[in-house]
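Engineer: Handing over coords00.txt, compact mmCIF, C-alpha atoms.
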# COMPACT_ATOMS: atom_id res chain seq x y z
CA MET A 28 33.73 -5.87 26.55
CA LEU A 29 32.27 -8.12 23.87
CA MET A 30 32.28 -6.64 20.40
CA THR A 31 28.91 -6.42 18.68
CA GLU A 32 28.27 -7.62 15.15
CA ARG A 33 28.76 -5.43 12.15
CA ILE A 34 25.54 -4.30 10.47
CA TYR A 35 25.93 -6.65 7.51
CA GLU A 36 26.77 -9.61 9.80
CA ALA A 37 23.69 -9.16 11.96
CA GLN A 38 21.46 -8.53 8.97
CA GLN A 39 22.70 -11.60 7.08
CA ARG A 40 22.25 -13.82 10.13
CA ALA A 41 18.73 -12.52 10.70
CA PHE A 42 17.94 -12.97 7.01
CA SER A 43 18.98 -16.62 7.21
CA LEU A 44 17.01 -17.27 10.42
CA LEU A 45 13.81 -15.78 9.00
CA GLU A 46 14.21 -17.60 5.69
CA LYS A 47 14.60 -20.94 7.45
CA LYS A 48 11.30 -20.34 9.28
CA GLY A 49 9.49 -19.53 6.04
CA LEU A 50 9.13 -15.89 7.02
CA ASP A 51 9.88 -12.82 4.92
CA PRO A 52 13.66 -12.36 5.11
CA GLY A 53 13.33 -8.81 3.80
CA ALA A 54 12.02 -7.85 7.24
CA ALA A 55 15.61 -8.17 8.53
CA ARG A 56 16.58 -5.07 6.58
CA ILE A 57 13.43 -3.15 7.54
CA VAL A 58 14.14 -3.75 11.21
CA MET A 59 17.79 -2.79 10.75
CA GLU A 60 16.72 0.51 9.20
CA TYR A 61 14.31 1.05 12.09
CA VAL A 62 16.88 0.29 14.82
CA THR A 63 19.78 2.24 13.33
CA GLY A 64 17.83 5.10 11.78
CA LYS A 65 19.69 4.48 8.54
CA SER A 66 18.02 3.68 5.24
CA GLY A 67 18.80 3.27 1.56
CA ALA A 68 22.25 4.35 0.49
CA SER A 69 23.16 5.39 4.03
CA LEU A 70 22.65 1.88 5.37
CA LEU A 71 24.51 0.39 2.44
CA ALA A 72 27.48 2.72 2.95
CA ASP A 73 27.67 1.90 6.66
CA MET A 74 27.31 -1.89 6.39
CA ARG A 75 30.72 -2.52 7.97
CA GLU A 76 30.00 -0.36 11.00
CA ARG A 77 29.44 -2.18 14.27
CA LEU A 78 26.10 -1.88 15.98
CA THR A 79 26.16 -0.13 19.32
CA THR A 80 25.39 -2.35 22.29
CA GLU A 81 21.90 -0.85 22.52
CA GLU A 82 21.24 -1.24 18.77
CA HIS A 83 22.46 -4.83 18.87
CA SER A 84 20.17 -5.71 21.77
CA ARG A 85 17.15 -3.97 20.22
CA TYR A 86 17.77 -5.54 16.83
CA TRP A 87 17.78 -9.09 18.12
CA ASP A 88 14.78 -8.45 20.35
CA LYS A 89 12.89 -7.31 17.26
CA ILE A 90 14.11 -10.28 15.21
CA ALA A 91 12.83 -12.59 17.96
CA GLU A 92 9.40 -10.96 17.61
CA LEU A 93 9.50 -11.57 13.86
CA GLN A 94 10.45 -15.22 14.44
CA ASN A 95 7.33 -15.56 16.59
CA GLY A 96 5.26 -14.48 13.59
CA LYS A 97 4.64 -10.87 14.52
CA PRO A 98 4.20 -8.72 11.39
CA VAL A 99 7.10 -6.39 10.75
CA GLN A 100 4.71 -3.42 10.74
CA TYR A 101 3.77 -4.15 14.35
CA VAL A 102 7.42 -4.74 15.25
CA THR A 103 8.42 -1.29 13.98
CA GLY A 104 5.06 0.33 14.79
CA THR A 105 4.75 1.92 11.35
CA GLU A 106 3.43 1.28 7.86
CA SER A 107 3.42 3.41 4.74
CA PHE A 108 0.11 4.33 3.10
CA TYR A 109 -0.26 6.64 0.13
CA GLY A 110 3.30 7.86 0.68
CA ARG A 111 2.80 8.71 4.35
CA SER A 112 3.94 6.90 7.49
CA PHE A 113 1.18 5.71 9.83
CA ILE A 114 1.39 4.44 13.40
CA VAL A 115 0.07 0.88 13.66
CA ASN A 116 -0.31 -1.59 16.51
CA GLU A 117 -2.38 -4.65 17.39
CA HIS A 118 -5.49 -2.48 17.82
CA VAL A 119 -5.71 -1.69 14.09
CA LEU A 120 -5.37 -3.53 10.82
CA ILE A 121 -2.17 -2.99 8.86
CA PRO A 122 -3.08 -0.69 5.92
CA ARG A 123 -2.75 -2.51 2.61
CA PRO A 124 -2.16 -1.47 -1.02
CA GLU A 125 -5.69 -2.54 -2.01
CA THR A 126 -7.08 0.12 0.29
CA GLU A 127 -4.91 2.73 -1.42
CA GLU A 128 -6.75 1.76 -4.60
CA LEU A 129 -10.08 2.45 -2.84
CA VAL A 130 -8.92 5.95 -1.89
CA GLN A 131 -7.49 6.66 -5.32
CA GLY A 132 -10.64 5.45 -7.09
CA ALA A 133 -12.88 7.44 -4.77
CA MET A 134 -10.97 10.67 -5.34
CA GLU A 135 -11.02 10.21 -9.10
CA ARG A 136 -14.81 9.81 -9.01
CA CYS A 137 -15.21 12.75 -6.64
CA ARG A 138 -13.30 15.04 -9.00
CA HIS A 139 -15.84 14.21 -11.68
CA MET A 140 -18.98 14.16 -9.52
CA PHE A 141 -18.15 17.28 -7.48
CA ARG A 142 -16.17 19.19 -10.06
CA ASP A 143 -17.97 22.45 -9.24
CA ARG A 144 -17.06 22.41 -5.54
CA ASP A 145 -14.24 21.40 -3.21
CA GLU A 146 -16.19 21.48 0.06
CA ILE A 147 -17.59 17.97 0.37
CA SER A 148 -18.53 15.91 3.42
CA VAL A 149 -16.79 12.57 3.76
CA ALA A 150 -17.32 9.75 6.28
CA ASP A 151 -14.92 6.84 6.78
CA ILE A 152 -16.69 4.00 8.59
CA GLY A 153 -14.45 1.61 10.56
CA THR A 154 -11.40 3.83 10.23
CA GLY A 155 -8.86 1.68 12.14
CA SER A 156 -5.53 3.49 11.84
CA GLY A 157 -7.28 6.41 10.13
CA ALA A 158 -5.47 5.77 6.86
CA ILE A 159 -8.47 6.36 4.58
CA ALA A 160 -9.84 9.44 6.36
CA ILE A 161 -6.48 11.11 6.91
CA THR A 162 -5.30 10.46 3.36
CA PHE A 163 -8.52 11.88 1.92
CA LYS A 164 -8.17 14.99 4.08
CA LYS A 165 -4.54 15.50 3.09
CA GLU A 166 -5.28 15.02 -0.60
CA TRP A 167 -8.56 17.00 -0.53
CA PRO A 168 -7.92 19.70 2.12
CA ARG A 169 -11.32 21.40 1.87
CA ALA A 170 -13.22 18.18 2.53
CA ASP A 171 -15.00 17.91 5.88
CA VAL A 172 -13.89 14.44 6.98
CA THR A 173 -15.34 12.35 9.81
CA ALA A 174 -13.99 8.93 10.81
CA THR A 175 -15.70 6.33 13.00
CA ASP A 176 -14.81 3.07 14.68
CA ILE A 177 -16.46 0.77 17.19
CA SER A 178 -13.09 0.38 18.96
CA SER A 179 -11.93 3.17 21.27
CA ALA A 180 -8.39 1.75 21.12
CA ALA A 181 -8.41 2.00 17.32
CA LEU A 182 -9.71 5.57 17.47
CA SER A 183 -6.84 6.46 19.79
CA VAL A 184 -4.37 5.25 17.14
CA ALA A 185 -6.24 7.12 14.41
CA GLU A 186 -6.25 10.33 16.45
CA SER A 187 -2.48 10.01 16.97
CA ASN A 188 -2.01 9.57 13.24
CA ALA A 189 -4.17 12.59 12.45
CA ALA A 190 -2.15 14.71 14.87
CA GLN A 191 1.13 13.44 13.41
CA GLN A 192 -0.05 14.19 9.85
CA GLY A 193 -1.63 17.53 10.72
CA ALA A 194 -5.01 16.37 9.40
CA ALA A 195 -8.17 17.98 10.80
CA VAL A 196 -10.42 14.91 10.97
CA THR A 197 -13.38 14.49 13.33
CA PHE A 198 -13.49 11.14 15.16
CA ARG A 199 -16.62 9.44 16.53
CA GLU A 200 -17.00 6.13 18.34
CA GLY A 201 -19.78 3.73 17.39
CA ASP A 202 -20.95 0.89 15.16
CA LEU A 203 -21.26 1.32 11.39
CA THR A 204 -23.62 4.21 10.50
CA ALA A 205 -24.75 4.97 14.08
CA PRO A 206 -22.18 7.75 14.71
CA ILE A 207 -22.95 9.53 11.40
CA SER A 208 -26.75 9.24 11.34
CA ASP A 209 -27.30 12.84 12.48
CA THR A 210 -26.65 14.33 9.03
CA THR A 211 -26.26 13.47 5.34
CA TRP A 212 -23.06 12.87 3.41
CA ASP A 213 -21.57 13.41 -0.01
CA VAL A 214 -19.12 10.52 0.29
CA VAL A 215 -19.05 7.42 2.50
CA LEU A 216 -16.04 5.09 2.40
CA SER A 217 -15.39 1.91 4.35
CA ASN A 218 -13.07 -1.04 4.60
CA PRO A 219 -15.27 -3.10 6.93
CA PRO A 220 -14.72 -6.59 8.35
CA TYR A 221 -15.58 -8.95 5.49
CA ILE A 222 -13.97 -12.33 6.11
CA ALA A 223 -16.32 -15.23 6.87
CA HIS A 224 -15.49 -17.03 10.12
CA GLU A 225 -15.23 -20.29 8.17
CA GLU A 226 -12.28 -18.88 6.22
CA ALA A 227 -10.09 -18.60 9.32
CA THR A 228 -8.53 -22.01 8.63
CA LEU A 229 -7.20 -20.71 5.30
CA MET A 230 -5.54 -17.63 6.76
CA SER A 231 -1.97 -16.93 7.79
CA ARG A 232 -1.20 -17.39 11.48
CA THR A 233 0.56 -14.03 11.34
CA VAL A 234 -2.76 -12.35 10.55
CA LEU A 235 -4.87 -14.47 12.90
CA ASP A 236 -2.56 -14.21 15.88
CA PHE A 237 -1.79 -10.49 15.72
CA GLU A 238 -4.33 -8.44 13.75
CA PRO A 239 -7.60 -7.46 15.52
CA GLN A 240 -10.22 -10.12 14.80
CA GLN A 241 -13.05 -7.62 15.28
CA ALA A 242 -11.75 -5.80 12.21
CA LEU A 243 -11.36 -8.99 10.14
CA PHE A 244 -14.40 -11.21 10.56
CA ALA A 245 -18.10 -10.66 9.90
CA GLU A 246 -21.24 -12.77 10.19
CA GLU A 247 -23.43 -13.86 7.26
CA ASP A 248 -20.50 -15.27 5.27
CA GLY A 249 -18.69 -11.96 5.66
CA LEU A 250 -21.58 -9.91 4.25
CA TYR A 251 -23.11 -8.54 7.46
CA CYS A 252 -21.55 -5.07 7.31
CA TYR A 253 -22.42 -4.61 3.64
CA ARG A 254 -26.05 -5.54 4.30
CA LYS A 255 -26.27 -3.07 7.17
CA LEU A 256 -24.62 -0.32 5.13
CA ALA A 257 -26.95 -0.96 2.19
CA GLU A 258 -29.94 -0.79 4.55
CA ASN A 259 -28.90 2.34 6.41
CA LEU A 260 -27.13 4.54 3.86
CA PRO A 261 -30.01 5.40 1.47
CA HIS A 262 -31.41 8.06 3.83
CA LEU A 263 -27.93 9.34 4.75
CA MET A 264 -26.61 10.08 1.25
CA ASN A 265 -26.80 13.37 -0.61
CA LYS A 266 -27.42 13.58 -4.34
CA PRO A 267 -25.03 13.39 -6.01
CA GLY A 268 -23.28 11.02 -3.65
CA LEU A 269 -20.61 8.33 -3.66
CA ILE A 270 -20.21 5.15 -1.63
CA GLY A 271 -16.99 3.16 -1.84
CA VAL A 272 -16.29 -0.07 0.03
CA GLU A 273 -13.50 -2.61 -0.06
CA ILE A 274 -14.73 -6.19 -0.55
CA GLY A 275 -13.44 -9.75 -0.49
CA TYR A 276 -12.38 -11.07 -3.90
CA ALA A 277 -15.31 -13.54 -4.07
CA GLN A 278 -17.99 -11.16 -2.75
CA GLY A 279 -18.50 -8.98 -5.81
CA PRO A 280 -21.86 -10.36 -7.05
CA ALA A 281 -23.41 -10.52 -3.56
CA VAL A 282 -22.33 -7.01 -2.51
CA HIS A 283 -23.30 -5.60 -5.92
CA LYS A 284 -26.83 -6.96 -5.47
CA LEU A 285 -27.15 -5.47 -1.97
CA PHE A 286 -26.27 -1.96 -3.16
CA ALA A 287 -28.08 -2.20 -6.51
CA ASP A 288 -31.25 -3.16 -4.64
CA ALA A 289 -30.78 -0.39 -2.09
CA PHE A 290 -29.97 2.25 -4.72
CA PRO A 291 -31.95 1.19 -7.84
CA GLU A 292 -31.22 4.43 -9.72
CA ALA A 293 -27.50 4.51 -8.90
CA PHE A 294 -24.57 3.29 -10.99
CA VAL A 295 -23.04 0.38 -9.06
CA GLU A 296 -19.77 -1.15 -10.23
CA ILE A 297 -17.22 -3.65 -9.01
CA VAL A 298 -13.60 -2.64 -9.60
CA LYS A 299 -10.72 -5.09 -9.76
CA ASP A 300 -7.49 -4.47 -7.87
CA ILE A 301 -4.00 -4.43 -9.36
CA ASN A 302 -3.95 -8.24 -9.13
CA GLY A 303 -7.11 -8.58 -11.21
CA LYS A 304 -9.37 -9.57 -8.28
CA ASP A 305 -12.73 -8.02 -7.41
CA ARG A 306 -11.79 -5.66 -4.58
CA ILE A 307 -13.84 -2.44 -4.52
CA LEU A 308 -17.49 -1.52 -4.98
CA PHE A 309 -18.45 2.01 -5.97
CA CYS A 310 -22.02 3.22 -5.87
CA GLU A 311 -22.53 6.55 -7.67
CA ILE A 312 -25.80 8.20 -6.70
CA ARG A 313 -26.92 10.57 -9.44
CA GLU A 314 -28.91 13.78 -9.04
With the file now loaded, output its structure as structure tokens.

Structural biologist:
Amino acid sequence: MLMTERIYEAQQRAFSLLEKKGLDPGAARIVMEYVTGKSGASLLADMRERLTTEEHSRYWDKIAELQNGKPVQYVTGTESFYGRSFIVNEHVLIPRPETEELVQGAMERCRHMFRDRDEISVADIGTGSGAIAITFKKEWPRADVTATDISSAALSVAESNAAQQGAAVTFREGDLTAPISDTTWDVVLSNPPYIAHEEATLMSRTVLDFEPQQALFAEEDGLYCYRKLAENLPHLMNKPGLIGVEIGYAQGPAVHKLFADAFPEAFVEIVKDINGKDRILFCEIRE
């Protein structure tokens, strides 16, 4: 029987292979943690252990996927968001730190705007993995949260995440505001498709080849969804009300104008992300 590699041997070899291809070598450790079920100090302490035959085979299968450009989150099927683990696959975008900033900023504003009540209605449009909706529900348990998506496959992932997290979120299938047009809302959040098709040539092949294009690209130089939201939300928002959307770093002025025109009496602001780029628009609708 052939002896398998020790953990540190396999990990170092994978690290080198990924580095040579210009890929993130840190993924070698993430996949090792995933395959062995060890992490942190436990993995470090067991570095000289040999992988089982099954672990060895699975590890190198996963490394091969990484070498083909597949994001490590899709290789392991998980990504962390707001301190929780979410299921992800090729039907949903990988949740990103910028979106955590959208959730954090929205909750901070809600605590001020709705300080006299905890029972607020929240809609997450284009939920994908469900990260925004589920996180809001977990952090604000008395909120009535509804999440929508045009993709039934994405909603299936979101529903699995809600069940895994024990979050009572209502899911509806449909495009933009269509599934939520039967009532009015205190809070509407969205991370819609906002990349212009012309920008595809500037993007990483890892993103283009594996993440769902329907969730990435939008017409009208990436502004289509914002225009539709600005058109349709005025009659769907309660007073007070809050709208929060993630935006592309160069879209601030254009998206600001759309919402300022649609809500002339509201306070509309563009918020920069941790990297100093325009990333979030908040529209606070006053009483």

Engineer: Could you pull out every residue with an atom within 8 Å of (1.0, 3.0, -1.1), file coordinates, counting all atoms listed in the file, and send them as a compact mmCIF listing (two decimals) with C-alpha atoms, in the coordinates of the input?

Structural biologist:
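selection_4.txt, written as the output of this step:
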# COMPACT_ATOMS: atom_id res chain seq x y z
CA SER A 107 3.42 3.41 4.74
CA PHE A 108 0.11 4.33 3.10
CA TYR A 109 -0.26 6.64 0.13
CA GLY A 110 3.30 7.86 0.68
CA ARG A 123 -2.75 -2.51 2.61
CA PRO A 124 -2.16 -1.47 -1.02
CA GLU A 127 -4.91 2.73 -1.42

Engineer: Which polymer residues have any atom within 10 Å of an atom of Phe237 (chain A), counting all atoms listed in the file, with same-chain residues fewer than 5 positions away left out, as a ChimeraX atom specification?

Structural biologist: /A:96-98,101,116-120,232

Engineer: If I wrap all listed atoms of region 64-67 of chain A in a box with edges along x, y and z and add 3 Å on each side, what are its centre and edge lengths in Å to one decimal, as AutoDock Vina command-line options?

Structural biologist:
--center_x 18.8 --center_y 4.2 --center_z 6.7 --size_x 7.9 --size_y 7.8 --size_z 16.2

Engineer: Just checking: using all atoms listed in the file, which residue out of A:Ile301, A:Leu50, A:Ile121, A:Ala150 ends up closest to Ile207 (chain A)?

Structural biologist: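 Closest residue, counting all atoms listed in the file: A:Ala150.
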
Engineer: So, with only C-alpha atoms as the atoms that count, which of A:Pro219, A:Ser231, A:Glu238, A:Glu46 lies closest to Leu250 (chain A)?

Structural biologist: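 Under the stated criterion, the closest residue is A:Pro219.
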
Engineer: Ranking A:Gly275, A:Pro261, A:Pro239, A:Pro291 by minimum distance to Thr126 (chain A) and counting all atoms listed in the file, which one comes first?

Structural biologist: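 That would be A:Gly275, the residue with the smallest distance to Thr126 (chain A).
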
Engineer: Which one is closest to Gly132 (chain A): A:Glu273, A:Glu314, A:Glu292, A:Glu32? Count only C-alpha atoms.

Structural biologist: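 Residue with the minimum atom-to-atom distance to Gly132 (chain A): A:Glu273.
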
Engineer: In Å, how far is it from CA of Ser84 (chain A) to CA of Thr31 (chain A)?

Structural biologist: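 A separation of 9.3 Å between them.
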
Engineer: Between CA of Glu200 (chain A) and CA of Tyr276 (chain A), measure the distance and give it in Å to one decimal.

Structural biologist: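 CA of Tyr276 (chain A) lies 28.5 Å from CA of Glu200 (chain A).
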
Engineer: Report as a PyMOL selection string all protein, DNA and RNA residues lying within 10 Å of Pro168 (chain A), evaluated on only C-alpha atoms, omitting residues in the same chain fewer than 5 positions from it.

Structural biologist: chain A and resi 145-147+161-163+194-195

Engineer: Kindly indicate which residue among A:Lys266, A:Lys164, A:Arg33, A:His139 lies nearest to His83 (chain A), using all atoms listed in the file for the distances.

Structural biologist: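 The shortest atom-to-atom distance to His83 (chain A) comes from A:Arg33.
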
Engineer: Grab the CA of Ser148 (chain A) to CA of Met264 (chain A) distance for me, in Å with one decimal place.

Structural biologist: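 Those two atoms sit 10.2 Å apart.
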
Engineer: With a distance cut-off of 12 Å and only C-alpha atoms, select the neighbouring residues of Asp73 (chain A), excluding the residue or stretch itself and same-chain residues fewer than 5 positions from it, and output the selection as an MDAnalysis selection string.

Structural biologist: chainID A and resid 33:36 59:60 63:68 78

Engineer: Using all atoms listed in the file, find the one residue out of A:Ala54, A:Ala180, A:Val196, A:Ile297 that sits nearest to Gln241 (chain A).

Structural biologist: A:Ala180

Engineer: Using only C-alpha atoms, determine which residues lie at most 7 Å from region 153-159 of chain A, disregarding the query and same-chain residues fewer than 6 positions distant; provide the list as a PDB file with C-alpha atoms, in the frame of the given file.

Structural biologist:
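Okay, this is what ended up in around_24.pdb:
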ATOM      1  CA  PHE A 108       0.110   4.330   3.100  1.00  0.00           C
ATOM      2  CA  VAL A 115       0.070   0.880  13.660  1.00  0.00           C
ATOM      3  CA  VAL A 119      -5.710  -1.690  14.090  1.00  0.00           C
ATOM      4  CA  LEU A 120      -5.370  -3.530  10.820  1.00  0.00           C
ATOM      5  CA  PRO A 122      -3.080  -0.690   5.920  1.00  0.00           C
ATOM      6  CA  VAL A 130      -8.920   5.950  -1.890  1.00  0.00           C
ATOM      7  CA  ALA A 174     -13.990   8.930  10.810  1.00  0.00           C
ATOM      8  CA  THR A 175     -15.700   6.330  13.000  1.00  0.00           C
ATOM      9  CA  ASP A 176     -14.810   3.070  14.680  1.00  0.00           C
ATOM     10  CA  ILE A 177     -16.460   0.770  17.190  1.00  0.00           C
ATOM     11  CA  ALA A 181      -8.410   2.000  17.320  1.00  0.00           C
ATOM     12  CA  LEU A 182      -9.710   5.570  17.470  1.00  0.00           C
ATOM     13  CA  VAL A 184      -4.370   5.250  17.140  1.00  0.00           C
ATOM     14  CA  ALA A 185      -6.240   7.120  14.410  1.00  0.00           C
ATOM     15  CA  ASN A 188      -2.010   9.570  13.240  1.00  0.00           C
ATOM     16  CA  LEU A 203     -21.260   1.320  11.390  1.00  0.00           C
ATOM     17  CA  SER A 217     -15.390   1.910   4.350  1.00  0.00           C
ATOM     18  CA  ASN A 218     -13.070  -1.040   4.600  1.00  0.00           C
ATOM     19  CA  PRO A 219     -15.270  -3.100   6.930  1.00  0.00           C
TER      20      PRO A 219
END

Engineer: Which residues are close to Phe286 (chain A), i.e. within 9 Å by only C-alpha atoms, leaving aside same-chain residues fewer than 2 positions away? Reply as a list of chain:residue names.

Structural biologist: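 Near Phe286 (chain A), the qualifying residues are A:Tyr253, A:Arg254, A:Leu256, A:Ala257, A:Glu258, A:Val282, A:His283, A:Lys284, A:Asp288, A:Ala289, A:Phe290, A:Pro291, A:Ala293, A:Val295, A:Leu308, A:Cys310.
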
Engineer: Since the input is missing atoms for region 208-239 of chain A, could you rebuild it with N, CA and C atoms and give the result as an mmCIF file, keeping the file's coordinate frame?

Structural biologist:
data_model
loop_
_atom_site.group_PDB
_atom_site.id
_atom_site.type_symbol
_atom_site.label_atom_id
_atom_site.label_comp_id
_atom_site.auth_asym_id
_atom_site.auth_seq_id
_atom_site.Cartn_x
_atom_site.Cartn_y
_atom_site.Cartn_z
ATOM 1 N N SER A 208 -25.341 9.218 11.747
ATOM 2 C CA SER A 208 -26.750 9.240 11.340
ATOM 3 C C SER A 208 -27.446 10.566 11.622
ATOM 4 N N ASP A 209 -26.690 11.556 12.148
ATOM 5 C CA ASP A 209 -27.300 12.840 12.480
ATOM 6 C C ASP A 209 -27.291 13.821 11.322
ATOM 7 N N THR A 210 -26.724 13.425 10.184
ATOM 8 C CA THR A 210 -26.650 14.330 9.030
ATOM 9 C C THR A 210 -26.544 13.502 7.753
ATOM 10 N N THR A 211 -26.422 14.175 6.615
ATOM 11 C CA THR A 211 -26.260 13.470 5.340
ATOM 12 C C THR A 211 -24.867 13.741 4.787
ATOM 13 N N TRP A 212 -24.454 12.887 3.846
ATOM 14 C CA TRP A 212 -23.060 12.870 3.410
ATOM 15 C C TRP A 212 -22.943 12.849 1.893
ATOM 16 N N ASP A 213 -21.878 13.476 1.416
ATOM 17 C CA ASP A 213 -21.570 13.410 -0.010
ATOM 18 C C ASP A 213 -20.842 12.116 -0.356
ATOM 19 N N VAL A 214 -19.958 11.705 0.545
ATOM 20 C CA VAL A 214 -19.120 10.520 0.290
ATOM 21 C C VAL A 214 -19.053 9.672 1.559
ATOM 22 N N VAL A 215 -19.257 8.372 1.407
ATOM 23 C CA VAL A 215 -19.050 7.420 2.500
ATOM 24 C C VAL A 215 -18.119 6.326 2.008
ATOM 25 N N LEU A 216 -17.023 6.119 2.733
ATOM 26 C CA LEU A 216 -16.040 5.090 2.400
ATOM 27 C C LEU A 216 -15.914 4.126 3.559
ATOM 28 N N SER A 217 -15.564 2.881 3.264
ATOM 29 C CA SER A 217 -15.390 1.910 4.350
ATOM 30 C C SER A 217 -14.585 0.708 3.874
ATOM 31 N N ASN A 218 -13.716 0.252 4.765
ATOM 32 C CA ASN A 218 -13.070 -1.040 4.600
ATOM 33 C C ASN A 218 -13.498 -1.866 5.814
ATOM 34 N N PRO A 219 -14.701 -2.439 5.756
ATOM 35 C CA PRO A 219 -15.270 -3.100 6.930
ATOM 36 C C PRO A 219 -14.743 -4.513 7.106
ATOM 37 N N PRO A 220 -15.025 -5.156 8.220
ATOM 38 C CA PRO A 220 -14.720 -6.590 8.350
ATOM 39 C C PRO A 220 -15.503 -7.357 7.286
ATOM 40 N N TYR A 221 -14.828 -8.239 6.537
ATOM 41 C CA TYR A 221 -15.580 -8.950 5.490
ATOM 42 C C TYR A 221 -15.157 -10.411 5.306
ATOM 43 N N ILE A 222 -14.396 -10.935 6.230
ATOM 44 C CA ILE A 222 -13.970 -12.330 6.110
ATOM 45 C C ILE A 222 -14.956 -13.218 6.864
ATOM 46 N N ALA A 223 -15.420 -14.277 6.214
ATOM 47 C CA ALA A 223 -16.320 -15.230 6.870
ATOM 48 C C ALA A 223 -15.537 -16.011 7.922
ATOM 49 N N HIS A 224 -16.172 -16.302 9.037
ATOM 50 C CA HIS A 224 -15.490 -17.030 10.120
ATOM 51 C C HIS A 224 -14.949 -18.373 9.627
ATOM 52 N N GLU A 225 -15.653 -18.989 8.667
ATOM 53 C CA GLU A 225 -15.230 -20.290 8.170
ATOM 54 C C GLU A 225 -13.904 -20.233 7.418
ATOM 55 N N GLU A 226 -13.511 -19.037 6.988
ATOM 56 C CA GLU A 226 -12.280 -18.880 6.220
ATOM 57 C C GLU A 226 -11.038 -18.789 7.103
ATOM 58 N N ALA A 227 -11.225 -18.774 8.408
ATOM 59 C CA ALA A 227 -10.090 -18.600 9.320
ATOM 60 C C ALA A 227 -9.036 -19.687 9.121
ATOM 61 N N THR A 228 -9.484 -20.906 8.799
ATOM 62 C CA THR A 228 -8.530 -22.010 8.630
ATOM 63 C C THR A 228 -7.617 -21.818 7.427
ATOM 64 N N LEU A 229 -8.002 -20.939 6.516
ATOM 65 C CA LEU A 229 -7.200 -20.710 5.300
ATOM 66 C C LEU A 229 -6.233 -19.545 5.464
ATOM 67 N N MET A 230 -6.303 -18.873 6.600
ATOM 68 C CA MET A 230 -5.540 -17.630 6.760
ATOM 69 C C MET A 230 -4.195 -17.846 7.431
ATOM 70 N N SER A 231 -3.303 -16.907 7.187
ATOM 71 C CA SER A 231 -1.970 -16.930 7.790
ATOM 72 C C SER A 231 -2.069 -16.771 9.297
ATOM 73 N N ARG A 232 -1.233 -17.530 10.016
ATOM 74 C CA ARG A 232 -1.200 -17.390 11.480
ATOM 75 C C ARG A 232 -0.738 -15.988 11.875
ATOM 76 N N THR A 233 0.086 -15.379 11.048
ATOM 77 C CA THR A 233 0.560 -14.030 11.340
ATOM 78 C C THR A 233 -0.608 -13.068 11.441
ATOM 79 N N VAL A 234 -1.572 -13.211 10.524
ATOM 80 C CA VAL A 234 -2.760 -12.350 10.550
ATOM 81 C C VAL A 234 -3.652 -12.726 11.722
ATOM 82 N N LEU A 235 -3.941 -14.018 11.869
ATOM 83 C CA LEU A 235 -4.870 -14.470 12.900
ATOM 84 C C LEU A 235 -4.378 -14.180 14.315
ATOM 85 N N ASP A 236 -3.089 -14.350 14.532
ATOM 86 C CA ASP A 236 -2.560 -14.210 15.880
ATOM 87 C C ASP A 236 -2.324 -12.769 16.319
ATOM 88 N N PHE A 237 -2.203 -11.845 15.345
ATOM 89 C CA PHE A 237 -1.790 -10.490 15.720
ATOM 90 C C PHE A 237 -2.747 -9.386 15.294
ATOM 91 N N GLU A 238 -3.437 -9.521 14.177
ATOM 92 C CA GLU A 238 -4.330 -8.440 13.750
ATOM 93 C C GLU A 238 -5.677 -8.561 14.467
ATOM 94 N N PRO A 239 -6.361 -7.434 14.732
ATOM 95 C CA PRO A 239 -7.600 -7.460 15.520
ATOM 96 C C PRO A 239 -8.728 -8.210 14.815
#
